[in-house]
Amino acid sequence: MERSTKMFCLALTAATATTFLACASTAPPRELKDARVAYQVAASNPGAVRAQADVADAKRSLDRAEAAFADDPSSDMTRDLSYIASRKASSARAKTNALTALEEKKAAAVELTALRAEQAKQQAAQRGELADSRSQLASERQARVAAEQKTRDALATIAGMKAADSDRGLVLTLSGSVLFATGKSVLLPSAQTRLGEAAKAMKEDGRSITVVGHTDSTGSDELNQKLSLARAEAVRAYLVKQGLPADHVKAEGAGEGQPIADNATAEGRANNRRVEIILENATH
Amino acid sequence: MKLVSILSIVVCGASSIVVGCVSGGPVPADKLARSEAAVRGAQEIGAERNADGARYLQTARAEFAEGKKLVIEGEQVRATSLLLRAEADAELAMNITREATAIADAQKTRNDVRNLRLSMKGGN
C-alpha cells in the first residue's frame, strides 16, 4: 500500500516535470510571435495614449494568448488567441494613427481658417485701395476734361482761330495771313492781340505746347522750311513773353510738307500758309 | 487505494470539464451578432475601397461564414474561435480604412494651407 503510493507519486512528479520541460523547450507559434511584435509596435507608438483603451485590450488579448501557450503551446486555441491578439494590436496601431491624423487635420483646419480670414482682409483692403485709385483717376479725368473745355471755349471766341481735336491734342490753327506779312516772320500787331488772348487761355490750361509753322508750295523747299520754323519761333517767343513757361513751349517748322488744301489755287495756298498751336495731350 | 480513488475522481472531473469545453456548449448569440456587426461596419465605412482594408474584410467574411456553418454543425469551440477571428479582422479592416482616410484628409488640409500661404505670398 505504502509502496504503491510512493510509486504513484514518483510517476506523477515525472509526468509533471516532463510537461514543464516540453513547454519550456517548445518554440512559440508564428501567430504568437507576430502578436508580440504587433503589440510592441502599437504600445511604442508615441500617440498610443490616444487609443489607450484599444492598446489595453490588445494587451489583455496578448496575455490570454501567452497563457494559452503556457498551457498548451501547440493547440489551436493558442494559435487562434495569438491571431486575435495580433489583429487587435494592429487595430490599436491603426486607430492611434487615425486619431493622430485627425488631430493634425484639426490643427491645419484652424490654421486654414485663420489664413482665409487674413486673405479676405487683404483682398478687402486691396479693393478699397483700387476704388480709391479709380476714384482719384476719375476726378483727375473730369478736371482735365473741364479744363480742356474751358480752353476750347476761350479760344473759340478769338477771331481767325480754329480749334479742332486731334490725336496729339487740341490743335489751334491760325491763318498765316492773319499773323504775318507775305514772306516775313515778324508778327503783325493785330496778331499779337489775338495771340495774347490765346496765351491767357493756354496758361490756365497748363498743357505742353508745340507751335508748328507751315507754308504753301511757292518757293524752294529750303526757304519754306526756314520760313515755317522762323514763324513758329516768332509765335513761341510771343507766347513765352505772355507768361507761358519757356520749357513748356517748343517750335517746329514743317515747311510745305503738310498741306491741308490744294496748292494749285490761291485759296488753297492761303489755307496752307498757317501756324498750328498744339496743346499736347498728356502721354499717360 | 483510497488515494487512487480520489485521484481518479479528480482526473475524471477535470476531463469532463475539458471535454465539455472542447465539444462546446452553444455559441453565445452575442458572439455571432458582434462578428456580424463588425463585418457590416467595415463594409459600411468603405473598407472595400482600401487595398488592405479589403483584404482583411474578405478574410473576416470567410471566417464569419465558416463560423456560422460550424455553429450549425455543432462544432462550437472552433466556431467561437472563427467568429472571434472574424470580428478582429473586420475591426482591423475598419481601423485601417479610417487611418488611411484620416491621413489623406490631414494631408489635403495641410496642402490647402501651403497653397494658400503661397498664393498670399505671391499676392494673387
# chains A, B, ... in the order shown; residues from 1 in each chain; ligands from 1
$ closest_atom_pairs --of "chain A" --to "chain B" --cutoff "7 Å" --atoms "only C-alpha atoms" --output "Markdown table"
| residue | atom | partner | partner_atom | distance |
| --- | --- | --- | --- | --- |
| A:Asp80 | CA | B:Ser81 | CA | 6.4 |
| A:Ile84 | CA | B:Arg85 | CA | 5.7 |
| A:Arg87 | CA | B:Ala88 | CA | 5.8 |
| A:Lys88 | CA | B:Ala88 | CA | 6.2 |
| A:Ser90 | CA | B:Leu92 | CA | 6.8 |
| A:Ser91 | CA | B:Leu92 | CA | 4.7 |
| A:Ala94 | CA | B:Ile96 | CA | 5.4 |
| A:Lys95 | CA | B:Asn95 | CA | 5.5 |
| A:Asn97 | CA | B:Glu99 | CA | 6.0 |
| A:Ala98 | CA | B:Glu99 | CA | 4.0 |
| A:Ala101 | CA | B:Ile103 | CA | 5.2 |
| A:Leu102 | CA | B:Ala102 | CA | 5.7 |
| A:Glu104 | CA | B:Ala106 | CA | 6.1 |
| A:Lys105 | CA | B:Ala106 | CA | 4.1 |
| A:Ala108 | CA | B:Arg110 | CA | 5.7 |
| A:Ala109 | CA | B:Thr109 | CA | 6.3 |
| A:Leu112 | CA | B:Val113 | CA | 5.3 |
| A:Gln119 | CA | B:Met120 | CA | 6.9 |
$ residues_around --residues "Arg207 of chain A" --least-positions-apart "4" --cutoff "10 Å" --atoms "only C-alpha atoms" --output "PyMOL selection string"
chain A and resi 144+147-148+169-170+202-203+248-249+278-282
$ residues_around --residues "segment 25-34 of chain A" --least-positions-apart "2" --cutoff "8 Å" --atoms "only C-alpha atoms" --output "VMD selection string"
chain A and resid 21 to 23 36 to 38 65 to 66 69 73 to 74 78 to 80 82 to 83 86
$ write_last_selection --atoms "C-alpha atoms" --output "PDB file, in the first residue's frame"
ATOM      1  CA  LEU A  21      10.204  20.698 -19.912  1.00  0.00           C
ATOM      2  CA  ALA A  22       8.139  20.248 -23.054  1.00  0.00           C
ATOM      3  CA  CYS A  23       6.556  23.689 -22.576  1.00  0.00           C
ATOM      4  CA  ARG A  36       4.185  40.066 -29.674  1.00  0.00           C
ATOM      5  CA  VAL A  37       5.761  42.232 -32.385  1.00  0.00           C
ATOM      6  CA  ALA A  38       2.420  43.857 -33.306  1.00  0.00           C
ATOM      7  CA  ALA A  65      -2.568  34.045 -25.914  1.00  0.00           C
ATOM      8  CA  GLU A  66       0.560  33.774 -23.726  1.00  0.00           C
ATOM      9  CA  PHE A  69       0.743  28.997 -24.997  1.00  0.00           C
ATOM     10  CA  PRO A  73       1.876  25.513 -26.863  1.00  0.00           C
ATOM     11  CA  SER A  74       0.711  23.758 -29.994  1.00  0.00           C
ATOM     12  CA  THR A  78      -3.093  29.139 -28.692  1.00  0.00           C
ATOM     13  CA  ARG A  79      -2.873  29.913 -32.385  1.00  0.00           C
ATOM     14  CA  ASP A  80      -6.362  31.442 -32.537  1.00  0.00           C
ATOM     15  CA  SER A  82      -2.442  34.714 -30.836  1.00  0.00           C
ATOM     16  CA  TYR A  83      -4.014  35.551 -34.191  1.00  0.00           C
ATOM     17  CA  SER A  86      -2.080  40.237 -33.353  1.00  0.00           C
TER      18      SER A  86
END
$ closest_residue --among "B:Gln58, B:Thr80, B:Gln43, B:Asn50" --to "Pro28 of chain B" --atoms "only C-alpha atoms"
B:Thr80
$ residues_around --residues "Ser175 of chain A" --least-positions-apart "3" --cutoff "8 Å" --atoms "only C-alpha atoms" --output "ChimeraX atom specification"
/A:160-161,178-179,270-271,273-275
$ write_last_selection --atoms "C-alpha atoms" --output "compact mmCIF listing (two decimals), in the first residue's frame"
# COMPACT_ATOMS: atom_id res chain seq x y z
CA GLY A 160 -9.42 133.97 -87.08
CA MET A 161 -8.59 130.94 -84.95
CA VAL A 178 -3.54 136.97 -90.03
CA LEU A 179 -0.17 136.60 -88.32
CA ALA A 270 -3.81 130.71 -98.34
CA ASN A 271 -5.11 127.82 -96.21
CA ARG A 273 0.05 129.11 -95.01
CA ARG A 274 -0.70 128.68 -91.35
CA VAL A 275 0.58 128.24 -87.83
$ residues_around --residues "Arg40 of chain B" --least-positions-apart "3" --cutoff "10 Å" --atoms "only C-alpha atoms" --output "JSON, numbers by chain"
{"B": [34, 35, 36, 37, 43, 44, 45, 57, 61, 90, 94]}
$ atom_distance --atom1 "atom CA of Gly46 of chain B" --atom2 "atom CA of Leu99 of chain A"
18.0 Å
$ residues_around --residues "Leu174 of chain A" --least-positions-apart "5" --cutoff "12 Å" --atoms "only C-alpha atoms" --output "PyMOL selection string"
chain A and resi 155-156+158-164+179-180+191-192+194-195+198+211-214+231-232+235+270-278
$ residues_around --residues "Lys184 of chain A" --least-positions-apart "2" --cutoff "9 Å" --atoms "only C-alpha atoms" --output "count of residues only"
8
$ atom_distance --atom1 "atom CA of Gly206 of chain A" --atom2 "atom CA of Ala146 of chain A"
12.6 Å
$ select_by_dssp --residues "segment 14-206 of chain A" --states "helix (DSSP H, G or I)" --output "VMD selection string"
chain A and resid 14 to 25 30 to 44 48 to 71 76 to 156 176 to 179 189 to 205
$ closest_residue --among "A:Ala35, A:Thr151, A:Ser190, A:Ser44" --to "Arg64 of chain A" --atoms "only C-alpha atoms"
A:Ala35
